[in-house]
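Structure record follows, encoded as structure tokens.
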Amino acid sequence: MQAIVFAGLLALVGVSLAVGVKLLLIARRTRGFPELSLGLFFLVGAGLGYPLSGAAPLSGAWEPFLATLSTLFTGTATVMLYAFTARVFHPGQPAGRLGVAVGVALSLTYVVGYSQAQLTATTEAELLRGTMIWGGVSLVMSAGGYGWTSFASLRQYAMHRKRLALGLADPVVTNRMLLWGMMGLTTITVVVIDGFLLYRGSDFARDIVIPLVTSAGGLLFGVFLALAFFPPSSYLDAVRRRAPVAHGVA
């Protein structure tokens, strides 16, 4: 089981770091906000926040400090995800501004509340109670961000599928929208399962099933992410071959 958990963590962190660096290099050249926000999301969140959250329980007396640092990274990354979704899928729209406001509010609430709980806890029971309470806020925050970006991406994918039949959309771009949406759905599924098992499951579910589900989700997340940002030529060729045949408009 430890090998599976480690493989999931390695896939998530490794691909996220690679994608984050790639996007930040593109943002440096283009000065584009979508590239910058998404690059920071991957680099700061999955590349830094997630590993720190996994290392915190193993660090002994350093656990509150590392958990707080992880929370700061995770909250910052989540705001970047909300901002990316607003800019790309709802540019200049009230829905985009509202979504970002919700993301900022959830992230600030989580960062401040969880950090305070970690740094002021004097017993293991208080530490666990704070983790359970603010873990729920973290799940809502993550589900909201990934749910929003997934819904928006899959909606665009459906629209582009129709345009493909008219030769008005690129099959590779259309496929990337599908991959981004599936990545979000994978994360939401993991969040829902982990949340249910965390608060309603047995000790076995929390200690064994949750790490396995999270690791499996991390592996799938990494696959979708790699295909979206580092697709092999054979995959791109297959996407183009399977695209609907364009029917010209008379």
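Chain labels A, B, ... are given in the sequence in which chains occur in the structure tokens; within each chain residues are numbered consecutively from 1, and ligands are likewise numbered from 1 in the order shown.
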Interface rows for segment 30-65 of chain A against segment 131-150 of chain A: nearest pair, Å to one decimal, 12 Å, only C-alpha atoms, as a tab-separated table:
residue	atom	partner	partner_atom	distance
A:Leu38	CA	A:Thr149	CA	11.6
A:Phe41	CA	A:Gly145	CA	11.3
A:Gly45	CA	A:Ser142	CA	11.1
A:Ser53	CA	A:Thr131	CA	11.5
A:Pro57	CA	A:Thr131	CA	11.4
A:Glu63	CA	A:Thr131	CA	11.9
A:Pro64	CA	A:Thr131	CA	10.6
Filtering to C-alpha atoms, could you give me those residues as a compact mmCIF listing (two decimals), in the first residue's frame?
# COMPACT_ATOMS: atom_id res chain seq x y z
CA LEU A 38 -2.32 28.57 -13.43
CA PHE A 41 -1.59 27.22 -8.79
CA GLY A 45 -0.33 24.19 -4.40
CA SER A 53 0.79 18.61 4.34
CA PRO A 57 2.36 14.62 10.64
CA GLU A 63 3.95 19.65 12.76
CA PRO A 64 2.03 22.87 13.62
Contact residues around Phe224 of chain A with only C-alpha atoms at 12 Å, ignoring same-chain residues under 3 positions, as a PyMOL selection string: chain A and resi 11-12+15-16+19+175-187+217-221+227-231
Each segment 150-192 of chain A residue no farther than 9 Å from segment 75-94 of chain A, nearest pair in Å, only C-alpha atoms, as JSON lines:
{"residue": "A:Ala152", "atom": "CA", "partner": "A:Phe89", "partner_atom": "CA", "distance": 6.4}
{"residue": "A:Ser153", "atom": "CA", "partner": "A:Phe89", "partner_atom": "CA", "distance": 7.6}
{"residue": "A:Gln156", "atom": "CA", "partner": "A:Phe89", "partner_atom": "CA", "distance": 8.3}
Dump of N, CA, C and O atoms for the selected residues, as a short mmCIF file (atom, residue, chain, number, x, y, z; two decimals), in the first residue's frame:
data_model
loop_
_atom_site.label_atom_id
_atom_site.label_comp_id
_atom_site.auth_asym_id
_atom_site.auth_seq_id
_atom_site.Cartn_x
_atom_site.Cartn_y
_atom_site.Cartn_z
N ALA A 152 -17.02 24.67 -16.13
CA ALA A 152 -16.79 25.65 -17.19
C ALA A 152 -16.04 25.03 -18.36
O ALA A 152 -16.36 25.29 -19.53
N SER A 153 -15.06 24.19 -18.07
CA SER A 153 -14.27 23.57 -19.13
C SER A 153 -15.09 22.56 -19.93
O SER A 153 -15.03 22.52 -21.16
N GLN A 156 -17.43 24.31 -22.26
CA GLN A 156 -16.74 24.76 -23.47
C GLN A 156 -16.42 23.58 -24.38
O GLN A 156 -16.48 23.71 -25.61
#
Which residues, written as a PyMOL selection string, have at least one atom at most 7 Å from Gly39 of chain A, with only C-alpha atoms counted and residues fewer than 4 positions away on the same chain left out? chain A and resi 19-21+23-24+35+43
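For segment 115-126 of chain A, the set of protein, DNA and RNA residues having any atom at most 8 Å away, when counting only C-alpha atoms and skipping those fewer than 6 positions along the same chain, is Pro64, Phe65, Ala67, Thr68 and Thr71 of chain A.
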Hey, can you spit out that residue selection with C-alpha atoms as a PDB file, in the first residue's frame?
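The resulting file, selection21.pdb, is shown below:
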ATOM      1  CA  PRO A  64       2.028  22.870  13.624  1.00  0.00           C
ATOM      2  CA  PHE A  65       4.541  25.034  11.750  1.00  0.00           C
ATOM      3  CA  ALA A  67       0.863  22.422   8.654  1.00  0.00           C
ATOM      4  CA  THR A  68       0.436  26.199   8.817  1.00  0.00           C
ATOM      5  CA  THR A  71      -2.155  25.910   4.575  1.00  0.00           C
TER       6      THR A  71
END
Close residues, Tyr50 of chain A itself excluded, 10 Å, only C-alpha atoms, min 6 positions apart in chain, as a JSON list (two decimals) with N, CA and C atoms, in the first residue's frame:
[["chain", "number", "residue", "atom", "x", "y", "z"],
["A", 9, "LEU", "N", 1.49, 10.22, -4.89],
["A", 9, "LEU", "CA", 2.08, 11.48, -4.47],
["A", 9, "LEU", "C", 3.14, 11.95, -5.46],
["A", 12, "LEU", "N", 1.53, 13.20, -8.76],
["A", 12, "LEU", "CA", 0.89, 14.50, -8.58],
["A", 12, "LEU", "C", 1.91, 15.63, -8.46],
["A", 13, "VAL", "N", 2.88, 15.45, -7.59],
["A", 13, "VAL", "CA", 3.87, 16.49, -7.34],
["A", 13, "VAL", "C", 4.77, 16.70, -8.56],
["A", 44, "VAL", "N", 2.71, 26.30, -6.46],
["A", 44, "VAL", "CA", 2.55, 26.60, -5.04],
["A", 44, "VAL", "C", 1.67, 25.57, -4.34],
["A", 70, "SER", "N", 1.86, 24.81, 4.96],
["A", 70, "SER", "CA", 1.11, 24.12, 3.92],
["A", 70, "SER", "C", -0.21, 24.79, 3.64],
["A", 71, "THR", "N", -0.87, 25.24, 4.72],
["A", 71, "THR", "CA", -2.16, 25.91, 4.58],
["A", 71, "THR", "C", -2.03, 27.21, 3.79],
["A", 73, "PHE", "N", 0.24, 27.93, 1.52],
["A", 73, "PHE", "CA", 0.46, 27.59, 0.12],
["A", 73, "PHE", "C", -0.84, 27.12, -0.54],
["A", 74, "THR", "N", -1.58, 26.26, 0.15],
["A", 74, "THR", "CA", -2.81, 25.73, -0.41],
["A", 74, "THR", "C", -3.86, 26.82, -0.63]]
From a backbone DSSP assignment, name each residue in segment 56-235 of chain A labelled alpha helix (DSSP H), as an NGL selection string. :A and (63-89 or 94-120 or 124-164 or 171-200 or 203-204 or 210-229 or 233-235)
